[in-house]
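> The following file, start_11.cif, comprises mmCIF, C-alpha atoms (C1' of nucleotides):
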data_coords
loop_
_atom_site.label_atom_id
_atom_site.label_comp_id
_atom_site.auth_asym_id
_atom_site.auth_seq_id
_atom_site.Cartn_x
_atom_site.Cartn_y
_atom_site.Cartn_z
CA MET A 1 58.04 9.59 20.69
CA THR A 2 56.42 9.33 17.30
CA LYS A 3 57.83 10.96 14.19
CA SER A 4 55.62 13.73 12.88
CA THR A 5 53.65 12.96 9.76
CA ARG A 6 52.86 16.55 9.07
CA THR A 7 54.66 18.45 6.30
CA PRO A 8 55.69 22.06 7.06
CA SER A 9 53.73 24.58 4.99
CA VAL A 10 56.66 26.01 3.08
CA GLU A 11 57.66 22.59 1.75
CA ILE A 12 54.28 21.66 0.36
CA THR A 13 54.10 23.82 -2.76
CA PRO A 14 57.54 22.93 -4.17
CA GLY A 15 57.06 19.30 -3.13
CA VAL A 16 53.80 18.99 -5.04
CA LEU A 17 55.29 20.63 -8.15
CA ARG A 18 58.28 18.29 -8.02
CA ALA A 19 55.94 15.32 -7.61
CA GLY A 20 53.89 16.48 -10.59
CA ILE A 21 56.93 16.64 -12.85
CA GLN A 22 58.10 13.22 -11.68
CA ILE A 23 54.72 11.66 -12.35
CA LEU A 24 54.45 13.19 -15.83
CA ASP A 25 58.01 12.14 -16.68
CA THR A 26 57.55 8.55 -15.58
CA GLU A 27 53.86 7.72 -16.02
CA GLY A 28 52.54 10.34 -18.41
CA PRO A 29 49.28 12.28 -18.15
CA ASP A 30 47.28 9.23 -17.03
CA GLY A 31 49.15 9.05 -13.73
CA PHE A 32 48.63 12.72 -12.96
CA THR A 33 45.87 12.42 -10.34
CA VAL A 34 45.20 14.21 -7.06
CA ARG A 35 45.78 11.09 -5.02
CA ALA A 36 48.98 10.15 -6.85
CA LEU A 37 50.33 13.68 -6.41
CA ALA A 38 49.58 13.55 -2.68
CA VAL A 39 51.23 10.16 -2.20
CA ARG A 40 54.39 11.11 -4.10
CA ALA A 41 54.70 14.48 -2.40
CA GLY A 42 54.02 12.92 0.99
CA VAL A 43 51.09 15.22 1.73
CA ALA A 44 47.35 14.88 2.17
CA PRO A 45 45.12 15.06 -0.92
CA MET A 46 43.53 18.14 0.58
CA ALA A 47 46.86 19.95 0.26
CA ILE A 48 46.24 20.14 -3.50
CA TYR A 49 43.16 22.24 -2.74
CA ASN A 50 44.57 24.25 0.15
CA HIS A 51 47.79 25.25 -1.62
CA PHE A 52 46.62 25.25 -5.24
CA ASP A 53 43.35 25.76 -7.02
CA GLY A 54 42.87 22.01 -7.33
CA LEU A 55 44.51 19.96 -10.04
CA ASN A 56 44.18 22.82 -12.51
CA GLY A 57 46.15 25.04 -10.17
CA VAL A 58 49.04 22.59 -10.21
CA LEU A 59 48.87 22.39 -14.01
CA GLU A 60 48.80 26.17 -14.27
CA ALA A 61 51.90 26.48 -12.08
CA LEU A 62 53.78 23.84 -14.08
CA PHE A 63 52.66 25.36 -17.40
CA THR A 64 54.09 28.74 -16.41
CA GLN A 65 57.23 27.19 -14.95
CA GLY A 66 57.75 25.27 -18.18
CA PHE A 67 57.65 28.37 -20.36
CA SER A 68 59.94 30.26 -17.99
CA THR A 69 62.47 27.44 -18.13
CA LEU A 70 62.15 27.25 -21.91
CA HIS A 71 62.65 31.00 -22.11
CA GLU A 72 65.88 30.76 -20.13
CA ALA A 73 67.06 27.83 -22.22
CA VAL A 74 66.81 29.66 -25.55
CA ASP A 75 67.95 33.06 -24.27
CA ILE A 76 71.54 32.76 -25.46
CA ARG A 77 73.70 35.81 -26.15
CA THR A 78 77.26 35.82 -27.34
CA ASP A 79 78.78 38.17 -29.93
CA ASN A 80 77.70 35.90 -32.78
CA PRO A 81 73.97 36.30 -33.54
CA LEU A 82 73.84 33.53 -36.12
CA ALA A 83 75.57 31.06 -33.82
CA ASP A 84 73.18 32.08 -31.04
CA PHE A 85 70.24 31.48 -33.36
CA MET A 86 71.42 27.94 -34.08
CA SER A 87 72.25 27.30 -30.42
CA ALA A 88 68.76 28.35 -29.42
CA GLY A 89 67.33 25.83 -31.85
CA LEU A 90 69.41 23.06 -30.34
CA ALA A 91 68.58 24.24 -26.82
CA TYR A 92 64.86 24.06 -27.63
CA ARG A 93 65.11 20.36 -28.40
CA SER A 94 67.30 19.67 -25.39
CA PHE A 95 64.74 21.32 -23.14
CA ALA A 96 61.94 19.20 -24.58
CA LEU A 97 63.79 15.89 -24.37
CA GLU A 98 65.06 16.59 -20.85
CA ASN A 99 61.69 17.84 -19.56
CA PRO A 100 59.09 15.64 -21.26
CA GLY A 101 56.71 16.12 -18.35
CA LEU A 102 56.67 19.89 -18.61
CA TYR A 103 56.56 19.68 -22.40
CA THR A 104 53.51 17.45 -22.15
CA ILE A 105 51.62 20.06 -20.16
CA MET A 106 52.75 22.88 -22.42
CA PHE A 107 52.02 21.29 -25.79
CA LEU A 108 51.14 17.61 -25.95
CA HIS A 109 48.05 17.00 -23.89
CA ARG A 110 44.86 18.85 -23.17
CA PHE A 111 44.03 18.10 -19.53
CA ARG A 112 40.43 17.83 -18.45
CA ASN A 113 38.95 21.28 -17.78
CA PHE A 114 42.39 22.92 -17.95
CA GLU A 115 42.78 26.11 -19.94
CA PRO A 116 45.94 28.17 -19.30
CA SER A 117 45.22 31.59 -17.82
CA PRO A 118 46.21 34.85 -19.56
CA ALA A 119 49.12 35.10 -17.12
CA ALA A 120 50.34 31.67 -18.17
CA LEU A 121 49.99 32.53 -21.85
CA TYR A 122 52.03 35.67 -21.18
CA ALA A 123 54.92 33.43 -20.12
CA ALA A 124 54.55 31.64 -23.46
CA ALA A 125 54.58 34.95 -25.31
CA MET A 126 57.78 35.95 -23.51
CA ALA A 127 59.48 32.77 -24.69
CA HIS A 128 58.37 33.61 -28.22
CA GLN A 129 59.87 37.08 -27.85
CA ALA A 130 63.24 35.49 -27.11
CA LEU A 131 63.11 33.91 -30.56
CA VAL A 132 62.05 37.20 -32.14
CA ALA A 133 65.08 38.84 -30.52
CA HIS A 134 67.39 36.25 -32.08
CA VAL A 135 66.04 37.06 -35.55
CA GLU A 136 66.32 40.80 -34.94
CA ARG A 137 69.93 40.48 -33.85
CA CYS A 138 70.67 38.48 -36.99
CA GLN A 139 69.02 41.17 -39.12
CA GLU A 140 71.15 43.85 -37.45
CA SER A 141 74.10 41.90 -38.81
CA GLY A 142 72.60 41.93 -42.29
CA LEU A 143 71.26 38.38 -42.19
CA PHE A 144 67.72 37.14 -42.89
CA PRO A 145 66.66 40.13 -45.02
CA GLY A 146 63.08 40.64 -46.09
CA VAL A 147 61.31 38.57 -43.46
CA SER A 148 59.33 39.85 -40.50
CA PRO A 149 61.09 38.86 -37.25
CA ASN A 150 57.77 37.82 -35.79
CA ASP A 151 56.99 35.56 -38.73
CA ALA A 152 60.49 34.10 -38.74
CA ALA A 153 60.25 33.36 -35.03
CA GLN A 154 56.90 31.64 -35.54
CA VAL A 155 58.37 29.54 -38.36
CA ILE A 156 61.33 28.50 -36.24
CA TRP A 157 59.20 27.68 -33.24
CA SER A 158 56.82 25.68 -35.42
CA ALA A 159 59.60 23.61 -36.92
CA CYS A 160 61.35 22.94 -33.61
CA HIS A 161 58.13 22.18 -31.78
CA GLY A 162 56.86 19.98 -34.59
CA TYR A 163 60.04 17.96 -34.69
CA VAL A 164 60.30 17.30 -30.97
CA SER A 165 56.60 16.69 -30.50
CA LEU A 166 56.57 14.05 -33.23
CA GLU A 167 59.61 12.59 -31.53
CA LEU A 168 57.97 12.52 -28.11
CA ILE A 169 54.72 10.97 -29.30
CA GLY A 170 56.52 8.32 -31.34
CA ILE A 171 55.73 9.41 -34.91
CA ASN A 172 59.20 10.28 -36.17
CA PHE A 173 60.62 8.42 -39.14
CA SER A 174 64.14 9.79 -39.03
CA VAL A 175 66.85 7.26 -38.30
CA LYS A 176 69.56 9.67 -37.12
CA ARG A 177 67.44 12.09 -35.19
CA ASP A 178 70.17 14.48 -34.10
CA GLU A 179 71.40 14.86 -37.67
CA THR A 180 67.94 15.35 -39.15
CA TYR A 181 67.24 18.05 -36.57
CA ALA A 182 70.49 19.78 -37.52
CA VAL A 183 69.50 19.54 -41.19
CA MET A 184 66.23 21.25 -40.30
CA LEU A 185 67.92 24.15 -38.52
CA GLU A 186 70.37 24.61 -41.40
CA THR A 187 67.55 24.49 -43.94
CA LEU A 188 65.73 27.28 -42.11
CA ARG A 189 68.93 29.31 -41.78
CA ASP A 190 69.62 28.98 -45.51
CA GLY A 191 65.99 29.52 -46.41
CA PHE A 192 65.88 32.84 -44.60
CA GLY A 193 68.70 33.90 -46.88
CA MET B 1 2.36 0.72 -33.02
CA THR B 2 5.58 1.93 -31.41
CA LYS B 3 8.56 3.06 -33.43
CA SER B 4 11.54 0.76 -33.08
CA THR B 5 14.37 2.09 -30.95
CA ARG B 6 16.83 -0.44 -32.19
CA THR B 7 19.59 0.56 -34.60
CA PRO B 8 20.39 -1.91 -37.41
CA SER B 9 23.83 -3.49 -37.01
CA VAL B 10 25.33 -2.08 -40.18
CA GLU B 11 24.61 1.50 -39.16
CA ILE B 12 26.21 1.30 -35.75
CA THR B 13 29.91 1.39 -36.60
CA PRO B 14 29.79 4.38 -38.98
CA GLY B 15 27.34 6.15 -36.69
CA VAL B 16 29.63 5.86 -33.69
CA LEU B 17 32.64 7.06 -35.68
CA ARG B 18 30.67 10.04 -36.97
CA ALA B 19 29.52 10.84 -33.45
CA GLY B 20 33.11 10.64 -32.19
CA ILE B 21 34.32 13.15 -34.76
CA GLN B 22 31.43 15.49 -33.99
CA ILE B 23 32.13 15.36 -30.26
CA LEU B 24 35.84 16.02 -30.70
CA ASP B 25 35.17 18.87 -33.13
CA THR B 26 32.66 20.60 -30.88
CA GLU B 27 33.59 19.70 -27.30
CA GLY B 28 37.17 18.51 -27.47
CA PRO B 29 38.70 15.47 -25.76
CA ASP B 30 36.84 16.09 -22.49
CA GLY B 31 33.49 15.32 -24.11
CA PHE B 32 34.70 12.08 -25.64
CA THR B 33 33.02 9.60 -23.27
CA VAL B 34 31.27 6.29 -23.78
CA ARG B 35 27.93 7.68 -22.69
CA ALA B 36 28.22 10.81 -24.85
CA LEU B 37 29.17 8.71 -27.88
CA ALA B 38 26.15 6.45 -27.31
CA VAL B 39 23.72 9.36 -26.94
CA ARG B 40 24.96 11.20 -30.03
CA ALA B 41 25.06 8.06 -32.17
CA GLY B 42 21.62 7.02 -30.89
CA VAL B 43 22.82 3.62 -29.67
CA ALA B 44 23.25 1.86 -26.35
CA PRO B 45 26.49 2.36 -24.43
CA MET B 46 27.10 -1.35 -24.79
CA ALA B 47 27.39 -0.88 -28.55
CA ILE B 48 30.81 0.71 -27.96
CA TYR B 49 31.93 -2.62 -26.51
CA ASN B 50 30.10 -4.92 -28.88
CA HIS B 51 31.24 -3.16 -32.07
CA PHE B 52 34.59 -1.78 -30.95
CA ASP B 53 37.15 -2.72 -28.36
CA GLY B 54 35.75 -0.14 -25.94
CA LEU B 55 36.67 3.51 -26.12
CA ASN B 56 40.19 2.66 -27.27
CA GLY B 57 38.75 0.77 -30.21
CA VAL B 58 36.90 3.87 -31.36
CA LEU B 59 40.07 5.94 -30.95
CA GLU B 60 42.07 3.38 -32.90
CA ALA B 61 39.58 3.46 -35.78
CA LEU B 62 39.55 7.26 -35.88
CA PHE B 63 43.36 7.42 -35.61
CA THR B 64 43.74 5.19 -38.63
CA GLN B 65 40.99 6.97 -40.54
CA GLY B 66 42.69 10.29 -39.83
CA PHE B 67 46.01 9.22 -41.30
CA SER B 68 44.32 7.71 -44.34
CA THR B 69 42.47 10.96 -44.98
CA LEU B 70 45.67 12.97 -44.44
CA HIS B 71 47.48 10.66 -46.84
CA GLU B 72 44.89 11.29 -49.55
CA ALA B 73 44.97 15.03 -48.90
CA VAL B 74 48.71 15.39 -49.50
CA ASP B 75 48.93 12.85 -52.33
CA ILE B 76 48.90 15.40 -55.15
CA ARG B 77 50.37 14.64 -58.56
CA THR B 78 50.50 16.94 -61.53
CA ASP B 79 53.40 17.37 -63.96
CA ASN B 80 55.00 19.99 -61.71
CA PRO B 81 56.78 18.37 -58.75
CA LEU B 82 57.68 21.63 -57.04
CA ALA B 83 54.13 22.96 -57.27
CA ASP B 84 52.86 19.64 -55.92
CA PHE B 85 55.29 19.90 -53.02
CA MET B 86 53.94 23.33 -52.10
CA SER B 87 50.34 22.23 -52.63
CA ALA B 88 50.87 19.30 -50.29
CA GLY B 89 52.10 21.70 -47.62
CA LEU B 90 48.98 23.82 -47.97
CA ALA B 91 46.78 20.72 -48.06
CA TYR B 92 48.30 19.54 -44.78
CA ARG B 93 47.16 22.66 -42.99
CA SER B 94 43.73 22.57 -44.61
CA PHE B 95 43.26 19.02 -43.43
CA ALA B 96 44.18 19.95 -39.87
CA LEU B 97 41.97 23.03 -39.68
CA GLU B 98 39.01 21.26 -41.29
CA ASN B 99 39.36 18.13 -39.17
CA PRO B 100 40.42 19.35 -35.72
CA GLY B 101 38.78 16.33 -34.08
CA LEU B 102 40.79 13.80 -36.05
CA TYR B 103 43.92 15.92 -35.68
CA THR B 104 43.43 15.93 -31.93
CA ILE B 105 43.45 12.14 -31.79
CA MET B 106 46.40 11.87 -34.16
CA PHE B 107 48.69 14.44 -32.53
CA LEU B 108 47.31 16.69 -29.81
CA HIS B 109 46.07 14.58 -26.96
CA ARG B 110 47.16 11.40 -25.24
CA PHE B 111 43.94 9.62 -24.37
CA ARG B 112 43.78 7.54 -21.23
CA ASN B 113 45.22 4.05 -21.84
CA PHE B 114 45.29 4.62 -25.60
CA GLU B 115 48.37 3.60 -27.55
CA PRO B 116 48.00 3.31 -31.32
CA SER B 117 48.53 -0.22 -32.61
CA PRO B 118 51.27 -1.13 -35.11
CA ALA B 119 48.60 -1.25 -37.81
CA ALA B 120 47.56 2.32 -36.97
CA LEU B 121 51.18 3.48 -36.97
CA TYR B 122 51.56 1.89 -40.39
CA ALA B 123 48.89 4.26 -41.70
CA ALA B 124 50.96 7.12 -40.29
CA ALA B 125 54.08 5.79 -41.99
CA MET B 126 52.23 5.64 -45.32
CA ALA B 127 51.29 9.30 -45.00
CA HIS B 128 54.95 10.08 -44.35
CA GLN B 129 55.88 8.14 -47.47
CA ALA B 130 53.66 10.45 -49.53
CA LEU B 131 55.88 13.34 -48.43
CA VAL B 132 59.02 11.37 -49.21
CA ALA B 133 57.66 10.78 -52.71
CA HIS B 134 57.17 14.52 -53.22
CA VAL B 135 60.83 15.16 -52.36
CA GLU B 136 62.00 12.33 -54.62
CA ARG B 137 60.03 13.69 -57.56
CA CYS B 138 61.56 17.13 -56.96
CA GLN B 139 65.03 15.59 -56.92
CA GLU B 140 64.35 13.82 -60.21
CA SER B 141 63.83 17.31 -61.62
CA GLY B 142 67.17 18.42 -60.20
CA LEU B 143 65.73 20.23 -57.19
CA PHE B 144 66.66 19.82 -53.51
CA PRO B 145 70.13 18.35 -54.11
CA GLY B 146 72.16 16.88 -51.31
CA VAL B 147 69.41 16.11 -48.83
CA SER B 148 68.02 12.69 -47.96
CA PRO B 149 64.36 12.47 -49.07
CA ASN B 150 63.48 10.86 -45.77
CA ASP B 151 65.09 13.66 -43.77
CA ALA B 152 63.53 16.33 -45.94
CA ALA B 153 60.10 14.76 -45.51
CA GLN B 154 60.58 14.67 -41.75
CA VAL B 155 61.60 18.33 -41.75
CA ILE B 156 58.56 19.35 -43.78
CA TRP B 157 56.18 17.31 -41.69
CA SER B 158 57.68 18.76 -38.50
CA ALA B 159 57.27 22.33 -39.67
CA CYS B 160 53.72 21.86 -40.95
CA HIS B 161 52.63 19.91 -37.90
CA GLY B 162 54.30 22.35 -35.54
CA TYR B 163 52.62 25.31 -37.16
CA VAL B 164 49.10 23.92 -37.18
CA SER B 165 49.36 22.36 -33.74
CA LEU B 166 50.43 25.67 -32.19
CA GLU B 167 47.54 27.20 -34.07
CA LEU B 168 45.02 24.65 -32.78
CA ILE B 169 46.12 24.85 -29.16
CA GLY B 170 46.14 28.65 -29.19
CA ILE B 171 49.88 29.41 -28.94
CA ASN B 172 50.48 31.10 -32.28
CA PHE B 173 51.76 34.66 -32.36
CA SER B 174 51.42 35.29 -36.07
CA VAL B 175 48.91 37.94 -37.04
CA LYS B 176 48.37 36.94 -40.66
CA ARG B 177 48.41 33.19 -40.25
CA ASP B 178 47.92 32.22 -43.89
CA GLU B 179 50.80 34.43 -44.95
CA THR B 180 53.15 33.23 -42.23
CA TYR B 181 52.43 29.65 -43.20
CA ALA B 182 53.23 30.47 -46.83
CA VAL B 183 56.47 32.11 -45.71
CA MET B 184 57.35 28.91 -43.88
CA LEU B 185 56.79 26.71 -46.94
CA GLU B 186 58.81 29.09 -49.11
CA THR B 187 61.62 29.18 -46.56
CA LEU B 188 61.84 25.40 -46.59
CA ARG B 189 61.71 25.30 -50.40
CA ASP B 190 64.52 27.86 -50.63
CA GLY B 191 66.45 26.26 -47.79
CA PHE B 192 66.54 22.90 -49.55
CA GLY B 193 68.28 24.73 -52.40
"C1'" DC C 1 4.70 -19.65 -41.17
"C1'" DA C 2 7.25 -21.10 -36.83
"C1'" DT C 3 11.08 -21.51 -34.27
"C1'" DA C 4 15.91 -20.90 -33.00
"C1'" DA C 5 20.05 -18.23 -33.09
"C1'" DC C 6 21.76 -13.84 -33.07
"C1'" DT C 7 22.17 -9.14 -31.59
"C1'" DG C 8 20.88 -4.52 -29.73
"C1'" DT C 9 19.04 -2.38 -25.34
"C1'" DA C 10 18.27 -1.08 -20.55
"C1'" DG C 11 19.89 -0.94 -16.20
"C1'" DA C 12 22.50 -2.27 -12.31
"C1'" DA C 13 26.98 -2.65 -10.49
"C1'" DC C 14 32.10 -1.82 -9.59
"C1'" DA C 15 36.46 0.69 -9.09
"C1'" DA C 16 38.75 5.02 -9.94
"C1'" DT C 17 38.46 9.87 -10.64
"C1'" DG C 18 37.98 15.22 -9.05
"C1'" DT C 19 36.04 17.67 -5.54
"C1'" DT C 20 33.95 19.18 -1.07
"C1'" DC C 21 33.08 18.83 3.82
"C1'" DT C 22 33.97 17.85 8.69
"C1'" DA C 23 36.30 16.71 12.75
"C1'" DT C 24 40.79 16.11 14.72
"C1'" DA C 25 45.47 17.07 15.85
"C1'" DC C 26 49.66 19.31 15.09
"C1'" DT C 27 52.44 24.03 14.80
"C1'" DT C 28 53.26 28.55 15.55
"C1'" DG C 29 53.05 33.19 17.49
"C1'" DT C 30 51.98 36.02 21.30
"C1'" DA D 1 50.05 28.79 28.35
"C1'" DC D 2 46.88 29.63 25.23
"C1'" DA D 3 44.70 31.01 20.90
"C1'" DA D 4 44.82 31.12 16.06
"C1'" DG D 5 46.12 28.91 12.06
"C1'" DT D 6 46.84 24.82 9.21
"C1'" DA D 7 47.77 19.97 7.81
"C1'" DT D 8 45.54 15.51 8.17
"C1'" DA D 9 42.34 11.54 7.73
"C1'" DG D 10 38.30 10.00 6.15
"C1'" DA D 11 33.69 10.13 4.51
"C1'" DA D 12 30.83 11.51 0.83
"C1'" DC D 13 29.11 12.69 -4.01
"C1'" DA D 14 28.88 12.82 -9.07
"C1'" DT D 15 31.11 11.19 -13.20
"C1'" DT D 16 34.05 8.18 -15.61
"C1'" DG D 17 35.29 3.34 -18.13
"C1'" DT D 18 33.95 -1.17 -17.91
"C1'" DT D 19 31.42 -5.59 -17.10
"C1'" DC D 20 27.37 -8.36 -16.35
"C1'" DT D 21 22.62 -9.89 -16.78
"C1'" DA D 22 17.98 -10.10 -18.26
"C1'" DC D 23 15.05 -8.85 -21.94
"C1'" DA D 24 13.35 -7.85 -26.54
"C1'" DG D 25 13.72 -7.00 -31.41
"C1'" DT D 26 15.75 -9.05 -35.89
"C1'" DT D 27 17.09 -12.50 -38.97
"C1'" DA D 28 17.95 -17.01 -40.76
"C1'" DT D 29 16.49 -21.67 -41.18
"C1'" DG D 30 13.29 -25.52 -41.02
#
Before anything else, please render the file you have as structure tokens.

Amino acid sequence: MTKSTRTPSVEITPGVLRAGIQILDTEGPDGFTVRALAVRAGVAPMAIYNHFDGLNGVLEALFTQGFSTLHEAVDIRTDNPLADFMSAGLAYRSFALENPGLYTIMFLHRFRNFEPSPAALYAAAMAHQALVAHVERCQESGLFPGVSPNDAAQVIWSACHGYVSLELIGINFSVKRDETYAVMLETLRDGFG
Amino acid sequence: MTKSTRTPSVEITPGVLRAGIQILDTEGPDGFTVRALAVRAGVAPMAIYNHFDGLNGVLEALFTQGFSTLHEAVDIRTDNPLADFMSAGLAYRSFALENPGLYTIMFLHRFRNFEPSPAALYAAAMAHQALVAHVERCQESGLFPGVSPNDAAQVIWSACHGYVSLELIGINFSVKRDETYAVMLETLRDGFG
DNA sequence: CATAACTGTAGAACAATGTTCTATACTTGT
DNA sequence: ACAAGTATAGAACATTGTTCTACAGTTATG
């Protein structure tokens, strides 16, 4: 009686995605290869082509998953719009620091021959809309007058993304990083009036 | 009489660097290969190893050159500190959009096996110091009270980098990009008080 | 001018990569 | 029990970074 070495179909897709995240978290983009994915997921290299559209298919799936998770992370709603706005800013950074692998695919590395599909970019746009909604709710409470919600959301996203990306790639000259990030969010809040 | 096919030593280094920038500007990181560099610079592939420390050596040189150029671009000094601060913000974006190849190496792509050396990171720190100086000069004029110049510089850099990097990788939902960028700089200026 | 030291070039070679193909063997549904 | 579907192993190919070697053009020195 020999133990089967064959992975059931339904376990392959999630297993490969989990392996991809692990590899990116621990080894970075360099380790993200077909053979490494197969080894870590315990499947044959061919599985990457049978269950995804090659390496790009895996990247596409993780790209979309990343923006969905980010969307959920910043979609905070209590009865205090301004507090929610600040919480979303903090949640953005937490997502990035806790999911460096996904963040790498989403923003920090252009993989060979990979271009996110329109469907994947739609997931990114939805995450952006969550920020727009925060600004709109603040404006309904009389805050942030005179700025377009879309522009304000882009400004916030830019600042948050810029901060965490500089942090992740090792070009951040702040000593107390949590405090400097808080200063940034407060500066934006005050700057929007 | 056959025309010489040999490139004089002194022309090789600058030629390879120029070729590298051209490749990154037109084809992106995927096209940045030893053989492509050699073809475009009109030298032998071996030149990349004789004149640089392989592909990483070329990246290192371009990384450092990028931060030096960025440093010069934001190092603006008139008799109006606040205007200089705003000009530096605009100059940052101009640098990025005009030098997408260099910007890619500096911030947008983790090349295989490439880690910038301490000397290269020093060039990055010097560029950061130029921003710190802007904030300090504003504070000498009574502006931006109550914020650490280092923190303020990190906040500004984060916002500017975040904005242009989202722009360069195609995840920017602003319609009038120049105007939104201006709104961001004004928001930071006002937010710092 | 002649000769030696240096240096750029061409081309082969190697391991690792993404990708495709084929034959085999396991699983599942009827 | 049997047929259809699917996961696997392994070979194969082009391209990549890198190293090595033999050769030829350039430059410095006598």
> Taking only C-alpha atoms into account, which of B:Ala159, B:Ile169, B:Gln129, B:Arg77 comes nearest Pro116 in chain A?
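Among the listed residues, B:Ile169 lies closest to Pro116 in chain A.
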> Quick one: which residues end up in the PyMOL selection byres ((chain B and resi 50) around 12) for this structure, as a PyMOL selection string?
(chain B and resi 9+12-13+16+43-49+51-55+57-58) or (chain C and resi 7-9) or (chain D and resi 19)
> Applying the PyMOL selection byres ((chain B and resi 139) around 12) to the file I just gave you, which residues come out? Please list them as a PDB file with C-alpha atoms, in the frame of the given file.

ATOM      1  CA  ASN B  80      55.000  19.990 -61.710  1.00  0.00           C
ATOM      2  CA  PRO B  81      56.780  18.370 -58.750  1.00  0.00           C
ATOM      3  CA  LEU B  82      57.680  21.630 -57.040  1.00  0.00           C
ATOM      4  CA  PHE B  85      55.290  19.900 -53.020  1.00  0.00           C
ATOM      5  CA  VAL B 132      59.020  11.370 -49.210  1.00  0.00           C
ATOM      6  CA  ALA B 133      57.660  10.780 -52.710  1.00  0.00           C
ATOM      7  CA  HIS B 134      57.170  14.520 -53.220  1.00  0.00           C
ATOM      8  CA  VAL B 135      60.830  15.160 -52.360  1.00  0.00           C
ATOM      9  CA  GLU B 136      62.000  12.330 -54.620  1.00  0.00           C
ATOM     10  CA  ARG B 137      60.030  13.690 -57.560  1.00  0.00           C
ATOM     11  CA  CYS B 138      61.560  17.130 -56.960  1.00  0.00           C
ATOM     12  CA  GLU B 140      64.350  13.820 -60.210  1.00  0.00           C
ATOM     13  CA  SER B 141      63.830  17.310 -61.620  1.00  0.00           C
ATOM     14  CA  GLY B 142      67.170  18.420 -60.200  1.00  0.00           C
ATOM     15  CA  LEU B 143      65.730  20.230 -57.190  1.00  0.00           C
ATOM     16  CA  PHE B 144      66.660  19.820 -53.510  1.00  0.00           C
ATOM     17  CA  PRO B 145      70.130  18.350 -54.110  1.00  0.00           C
ATOM     18  CA  GLY B 146      72.160  16.880 -51.310  1.00  0.00           C
ATOM     19  CA  VAL B 147      69.410  16.110 -48.830  1.00  0.00           C
ATOM     20  CA  SER B 148      68.020  12.690 -47.960  1.00  0.00           C
ATOM     21  CA  PRO B 149      64.360  12.470 -49.070  1.00  0.00           C
ATOM     22  CA  ALA B 152      63.530  16.330 -45.940  1.00  0.00           C
ATOM     23  CA  PHE B 192      66.540  22.900 -49.550  1.00  0.00           C
ATOM     24  CA  GLY B 193      68.280  24.730 -52.400  1.00  0.00           C
TER      25      GLY B 193
END
> Using only C-alpha atoms, find each residue in chain A having at least one atom no more than 6 Å away from chain B; report its shortest atom-to-atom pair and that distance in Å (one decimal), rows by chain then rising number, as a tab-separated table.

residue	atom	partner	partner_atom	distance
A:Asp30	CA	B:Arg112	CA	5.7
A:Leu108	CA	B:Leu108	CA	5.5
A:His109	CA	B:His109	CA	4.4
A:Arg110	CA	B:His109	CA	5.8
A:Arg112	CA	B:Asp30	CA	5.7
A:Asp151	CA	B:Thr180	CA	5.7
A:Val155	CA	B:Met184	CA	5.6
A:Ser158	CA	B:Gly162	CA	4.2
A:Ala159	CA	B:Ala159	CA	3.8
A:His161	CA	B:Gly162	CA	5.4
A:Gly162	CA	B:Gly162	CA	3.6
A:Tyr163	CA	B:Ser158	CA	4.6
A:Thr180	CA	B:Asp151	CA	5.7
A:Met184	CA	B:Val155	CA	5.7
A:Thr187	CA	B:Gly191	CA	4.4
A:Leu188	CA	B:Gly191	CA	5.8
A:Asp190	CA	B:Gly191	CA	4.8
A:Gly191	CA	B:Gly191	CA	3.6
A:Phe192	CA	B:Thr187	CA	5.9
> Given the file above and the PyMOL selection byres ((chain D) within 10 of (chain B)), which residues are selected, and can you give them as JSON, numbers by chain?
{"D": [16, 17, 18, 19, 24, 25, 26]}
> Missing atoms in range 170-177 of chain A: fill them in up to N, CA and C atoms and send the result as a PDB file, keeping the file's coordinate frame.

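The result, written out as result_19.pdb:
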ATOM      1  N   GLY A 170      56.173   9.578 -30.664  1.00  0.00           N
ATOM      2  CA  GLY A 170      56.520   8.320 -31.340  1.00  0.00           C
ATOM      3  C   GLY A 170      56.132   8.253 -32.800  1.00  0.00           C
ATOM      4  N   ILE A 171      56.017   9.414 -33.470  1.00  0.00           N
ATOM      5  CA  ILE A 171      55.730   9.410 -34.910  1.00  0.00           C
ATOM      6  C   ILE A 171      56.833  10.171 -35.621  1.00  0.00           C
ATOM      7  N   ASN A 172      58.050   9.629 -35.544  1.00  0.00           N
ATOM      8  CA  ASN A 172      59.200  10.280 -36.170  1.00  0.00           C
ATOM      9  C   ASN A 172      59.948   9.218 -36.964  1.00  0.00           C
ATOM     10  N   PHE A 173      60.085   9.459 -38.269  1.00  0.00           N
ATOM     11  CA  PHE A 173      60.620   8.420 -39.140  1.00  0.00           C
ATOM     12  C   PHE A 173      62.080   8.666 -39.508  1.00  0.00           C
ATOM     13  N   SER A 174      62.724   9.565 -38.785  1.00  0.00           N
ATOM     14  CA  SER A 174      64.140   9.790 -39.030  1.00  0.00           C
ATOM     15  C   SER A 174      64.948   8.733 -38.293  1.00  0.00           C
ATOM     16  N   VAL A 175      66.012   8.279 -38.925  1.00  0.00           N
ATOM     17  CA  VAL A 175      66.850   7.260 -38.300  1.00  0.00           C
ATOM     18  C   VAL A 175      67.878   7.923 -37.390  1.00  0.00           C
ATOM     19  N   LYS A 176      68.581   8.925 -37.931  1.00  0.00           N
ATOM     20  CA  LYS A 176      69.560   9.670 -37.120  1.00  0.00           C
ATOM     21  C   LYS A 176      68.924  10.986 -36.715  1.00  0.00           C
ATOM     22  N   ARG A 177      68.299  10.961 -35.554  1.00  0.00           N
ATOM     23  CA  ARG A 177      67.440  12.090 -35.190  1.00  0.00           C
ATOM     24  C   ARG A 177      68.214  13.379 -34.934  1.00  0.00           C
TER      25      ARG A 177
END
